[in-house]
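Please read the structure below before turning to the comments.
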Amino acid sequence: MTVRVQQKDFNLGDELKTLHKGNHAIGGVCAFTGLVRDMSHNGEISTMTLEYYPSMTEKILQKIKAQAQQRWSLEASLIIHRYGKLNAGEQIVLVATASHNRDAAFESCQFIMDFLKTKAPFWKIETDLNGNQQWVEAKNCDNIIASNWTKNN
Amino acid sequence: MKILYFAWLRQKIGFGEEIKDIPSHVTTVKLLIEWLKIQDGGYSEAFKDISAIKVAINQEFANFDTKINKNDEVAFFPPVTGG
C-alpha cells in the first residue's frame with residue numbers, strides 16, 4: 001500500500017507488476033493514469049508545472065487510500081503523483097487498486113481519483129508557447145462527484 | 001507562527017513561507033487574515049477574496065473560525081487542482 005509524490009516519471013507496466021507480484025489472491029488490477037493535456041482555449045500550452053504541499057499532500061493521499069481500503073476489500077493499492085514541470089502528453093498521476101474481483105478494483109480506483117482531485121494539495125499552472133502563465137481553476141463538478149460517494153454510503 | 005502560501009497566493013505575497021510573531025488577539029484563522037491584510041506587502045491583494053482560499057492548520061484542513069496558536073503551521077492556498 002504505497003503513496004509516492006515524485007518528480008521523476010514512472011513506468012506503468014513495472015509499477016503494476018510490482019503491485020500484484022507474489023499475491024495470488026488478486027484477481028484484478030484497475031489502473032488510472034492521468035496525463036498532461038492541452039486545456040487552453042487560446043493556443044497550445046507548452047508545459048504544465050505542478051506545485052504541492054510536502055508532507056500534507058502525502059498525508060492526505062494516505063488518508064484517501066485508507067478510506068478506500070475501509071470501504072472495499074483491497075489486496076493492494078498504489079498512488080503516484082508527480083510534481084514539477086511536465087510537457088503535454090506526460091504522465092501526472094497513477095492510481096492502481098488490486099482486489100479479488102473487478103468491482104472493488106474499479107470502484108475504489110475511481111473513489112481514490114475523485115477524492116485526490118478535490119482534496120490532495122496540488123496546484124497546476126499552465127505555460128503557453130508565448131510564456132504566458134495561468135493557474136488552473138478548480139472545477140465545481142469535481143466537488144459534486146466526490147460528494148456523491150458520501151451520499152451513496 | 002509558521003505561515004505557508006501556495007500557488008497564486010505565494011506569487012501575490014512574494015514568498016512561500018515565513019515565521020511571524022502574531023499579536024495575542026489573533027486567535028482564529030479569520031483574525032489572522034484580517035491582521036495579515038494590514039501588514040505591508042502583497043497580503044491585502046492576496047486575501048482580497050477569501051471565498052477563493054482554503055486553509056490548513058498543522059497539515060489538516062481547517063476553516064476560518066478554527067482557533068490557532070503560535071506554534072501552529074498555518075497554510076493558505078487556492079482550491080486544489082491535482083490529478
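How things are named: the first chain in the C-alpha cells is A, the next is B, and so on; residues count from 1 in each chain; ligands count from 1 in the order shown.
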Within 9 Å of Ala46 (chain B) using only C-alpha atoms, minus same-chain residues under 4 positions, as number ranges by chain: B: 8-13, 37, 42, 50
Write out, as a tab-separated table, each residue of chain A that has an atom at most 7 Å from chain B, together with the closest pair of atoms and their distance in Å to one decimal, counting only C-alpha atoms, rows going by chain and rising number.
```
residue	atom	partner	partner_atom	distance
A:Gly34	CA	B:Gly83	CA	6.3
A:Met56	CA	B:Gln59	CA	4.9
A:Ile92	CA	B:Gly83	CA	6.8
A:Val93	CA	B:Gly83	CA	5.9
A:Leu116	CA	B:Gly83	CA	6.6
A:Lys117	CA	B:Gly83	CA	5.4
A:Thr118	CA	B:Val80	CA	6.1
A:Lys119	CA	B:Val80	CA	6.6
A:Ala120	CA	B:Val80	CA	6.6
A:Pro121	CA	B:Val80	CA	5.4
A:Phe122	CA	B:Gly82	CA	4.6
A:Trp123	CA	B:Thr81	CA	4.9
A:Lys124	CA	B:Thr81	CA	6.0
A:Val136	CA	B:Thr81	CA	6.7
A:Glu137	CA	B:Thr81	CA	6.8
A:Ala138	CA	B:Thr81	CA	5.4
```
Save the residues we just selected, N, CA and C atoms, as a PDB file, in the first residue's frame?
```
ATOM      1  N   GLY A  34      -3.303   9.616 -15.286  1.00  0.00           N
ATOM      2  CA  GLY A  34      -3.635  10.975 -15.728  1.00  0.00           C
ATOM      3  C   GLY A  34      -2.470  11.540 -16.521  1.00  0.00           C
ATOM      4  N   MET A  56       1.883  17.463   3.836  1.00  0.00           N
ATOM      5  CA  MET A  56       0.413  17.421   3.898  1.00  0.00           C
ATOM      6  C   MET A  56      -0.141  16.603   2.733  1.00  0.00           C
ATOM      7  N   ILE A  92       1.005  12.259 -15.222  1.00  0.00           N
ATOM      8  CA  ILE A  92       0.985  13.056 -13.987  1.00  0.00           C
ATOM      9  C   ILE A  92       0.737  12.162 -12.786  1.00  0.00           C
ATOM     10  N   VAL A  93      -0.234  11.263 -12.942  1.00  0.00           N
ATOM     11  CA  VAL A  93      -0.706  10.532 -11.772  1.00  0.00           C
ATOM     12  C   VAL A  93      -1.008   9.081 -12.151  1.00  0.00           C
ATOM     13  N   LEU A 116      -8.792  12.491  -4.641  1.00  0.00           N
ATOM     14  CA  LEU A 116      -7.491  13.109  -4.925  1.00  0.00           C
ATOM     15  C   LEU A 116      -7.686  14.455  -5.635  1.00  0.00           C
ATOM     16  N   LYS A 117      -8.610  14.484  -6.605  1.00  0.00           N
ATOM     17  CA  LYS A 117      -8.864  15.709  -7.375  1.00  0.00           C
ATOM     18  C   LYS A 117      -9.329  16.868  -6.494  1.00  0.00           C
ATOM     19  N   THR A 118     -10.065  16.549  -5.426  1.00  0.00           N
ATOM     20  CA  THR A 118     -10.689  17.616  -4.643  1.00  0.00           C
ATOM     21  C   THR A 118     -10.005  17.862  -3.294  1.00  0.00           C
ATOM     22  N   LYS A 119      -9.162  16.936  -2.849  1.00  0.00           N
ATOM     23  CA  LYS A 119      -8.573  17.062  -1.509  1.00  0.00           C
ATOM     24  C   LYS A 119      -7.047  17.147  -1.482  1.00  0.00           C
ATOM     25  N   ALA A 120      -6.383  16.520  -2.420  1.00  0.00           N
ATOM     26  CA  ALA A 120      -4.912  16.467  -2.325  1.00  0.00           C
ATOM     27  C   ALA A 120      -4.306  17.815  -2.741  1.00  0.00           C
ATOM     28  N   PRO A 121      -3.466  18.405  -1.876  1.00  0.00           N
ATOM     29  CA  PRO A 121      -2.915  19.735  -2.163  1.00  0.00           C
ATOM     30  C   PRO A 121      -1.882  19.746  -3.290  1.00  0.00           C
ATOM     31  N   PHE A 122      -2.401  19.823  -4.510  1.00  0.00           N
ATOM     32  CA  PHE A 122      -1.589  20.030  -5.715  1.00  0.00           C
ATOM     33  C   PHE A 122      -2.200  21.203  -6.465  1.00  0.00           C
ATOM     34  N   TRP A 123      -1.354  21.993  -7.114  1.00  0.00           N
ATOM     35  CA  TRP A 123      -1.854  23.101  -7.933  1.00  0.00           C
ATOM     36  C   TRP A 123      -1.103  23.099  -9.248  1.00  0.00           C
ATOM     37  N   LYS A 124      -1.873  23.337 -10.329  1.00  0.00           N
ATOM     38  CA  LYS A 124      -1.278  23.314 -11.669  1.00  0.00           C
ATOM     39  C   LYS A 124      -1.237  24.709 -12.247  1.00  0.00           C
ATOM     40  N   VAL A 136      -4.509  26.830 -13.164  1.00  0.00           N
ATOM     41  CA  VAL A 136      -5.708  26.059 -13.498  1.00  0.00           C
ATOM     42  C   VAL A 136      -6.715  26.257 -12.370  1.00  0.00           C
ATOM     43  N   GLU A 137      -7.970  26.511 -12.752  1.00  0.00           N
ATOM     44  CA  GLU A 137      -9.006  26.708 -11.731  1.00  0.00           C
ATOM     45  C   GLU A 137      -9.679  25.393 -11.375  1.00  0.00           C
ATOM     46  N   ALA A 138     -10.026  25.252 -10.088  1.00  0.00           N
ATOM     47  CA  ALA A 138     -10.735  24.050  -9.649  1.00  0.00           C
ATOM     48  C   ALA A 138     -12.131  24.050 -10.255  1.00  0.00           C
TER      49      ALA A 138
END
```
Please report, as a list in words, each residue of region 82-137 of chain A to which DSSP assigns alpha helix (DSSP H) when run on this structure's backbone.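 Of region 82-137 of chain A, the ones in alpha helix (DSSP H) are Arg102, Asp103, Ala104, Ala105, Phe106, Glu107, Ser108, Cys109, Gln110, Phe111, Ile112, Met113, Asp114, Phe115, Leu116, Lys117, Thr118 and Lys119 of chain A.
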Store the residues of this selection in a file with C-alpha atoms, as an mmCIF file, in the first residue's frame.
```cif
data_model
loop_
_atom_site.group_PDB
_atom_site.id
_atom_site.type_symbol
_atom_site.label_atom_id
_atom_site.label_comp_id
_atom_site.auth_asym_id
_atom_site.auth_seq_id
_atom_site.Cartn_x
_atom_site.Cartn_y
_atom_site.Cartn_z
ATOM 1 C CA ARG A 102 -13.176 -6.336 -10.574
ATOM 2 C CA ASP A 103 -15.960 -4.383 -8.851
ATOM 3 C CA ALA A 104 -13.857 -3.485 -5.821
ATOM 4 C CA ALA A 105 -10.881 -2.636 -8.028
ATOM 5 C CA PHE A 106 -12.866 -0.427 -10.455
ATOM 6 C CA GLU A 107 -14.867 1.404 -7.794
ATOM 7 C CA SER A 108 -12.023 2.041 -5.356
ATOM 8 C CA CYS A 109 -9.792 3.327 -8.150
ATOM 9 C CA GLN A 110 -12.433 5.871 -9.134
ATOM 10 C CA PHE A 111 -13.062 6.774 -5.476
ATOM 11 C CA ILE A 112 -9.364 7.496 -4.907
ATOM 12 C CA MET A 113 -9.133 9.629 -8.062
ATOM 13 C CA ASP A 114 -12.299 11.575 -7.236
ATOM 14 C CA PHE A 115 -11.031 12.458 -3.751
ATOM 15 C CA LEU A 116 -7.491 13.109 -4.925
ATOM 16 C CA LYS A 117 -8.864 15.709 -7.375
ATOM 17 C CA THR A 118 -10.689 17.616 -4.643
ATOM 18 C CA LYS A 119 -8.573 17.062 -1.509
#
```
Among chain B, which ones does DSSP assign to strand (DSSP E or B) (computed from the backbone)? Answer as an MDAnalysis selection string. chainID B and resid 2:5 17:19 28 54:57 60:62 67 73:77
Counting only C-alpha atoms, what is within 7 Å of Leu94 (chain A), bar same-chain residues fewer than 4 positions away, as a ChimeraX atom specification? /A:31-34,79-81
Please provide as a count of residues only all residues within 12 Å of Val26 (chain B), with the sequence filter that same-chain residues fewer than 4 positions apart are discarded (counting only C-alpha atoms). 17
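Taking CA of Leu35 (chain A) and CA of Gly22 (chain A) as endpoints, the distance between them is 29.1 Å.
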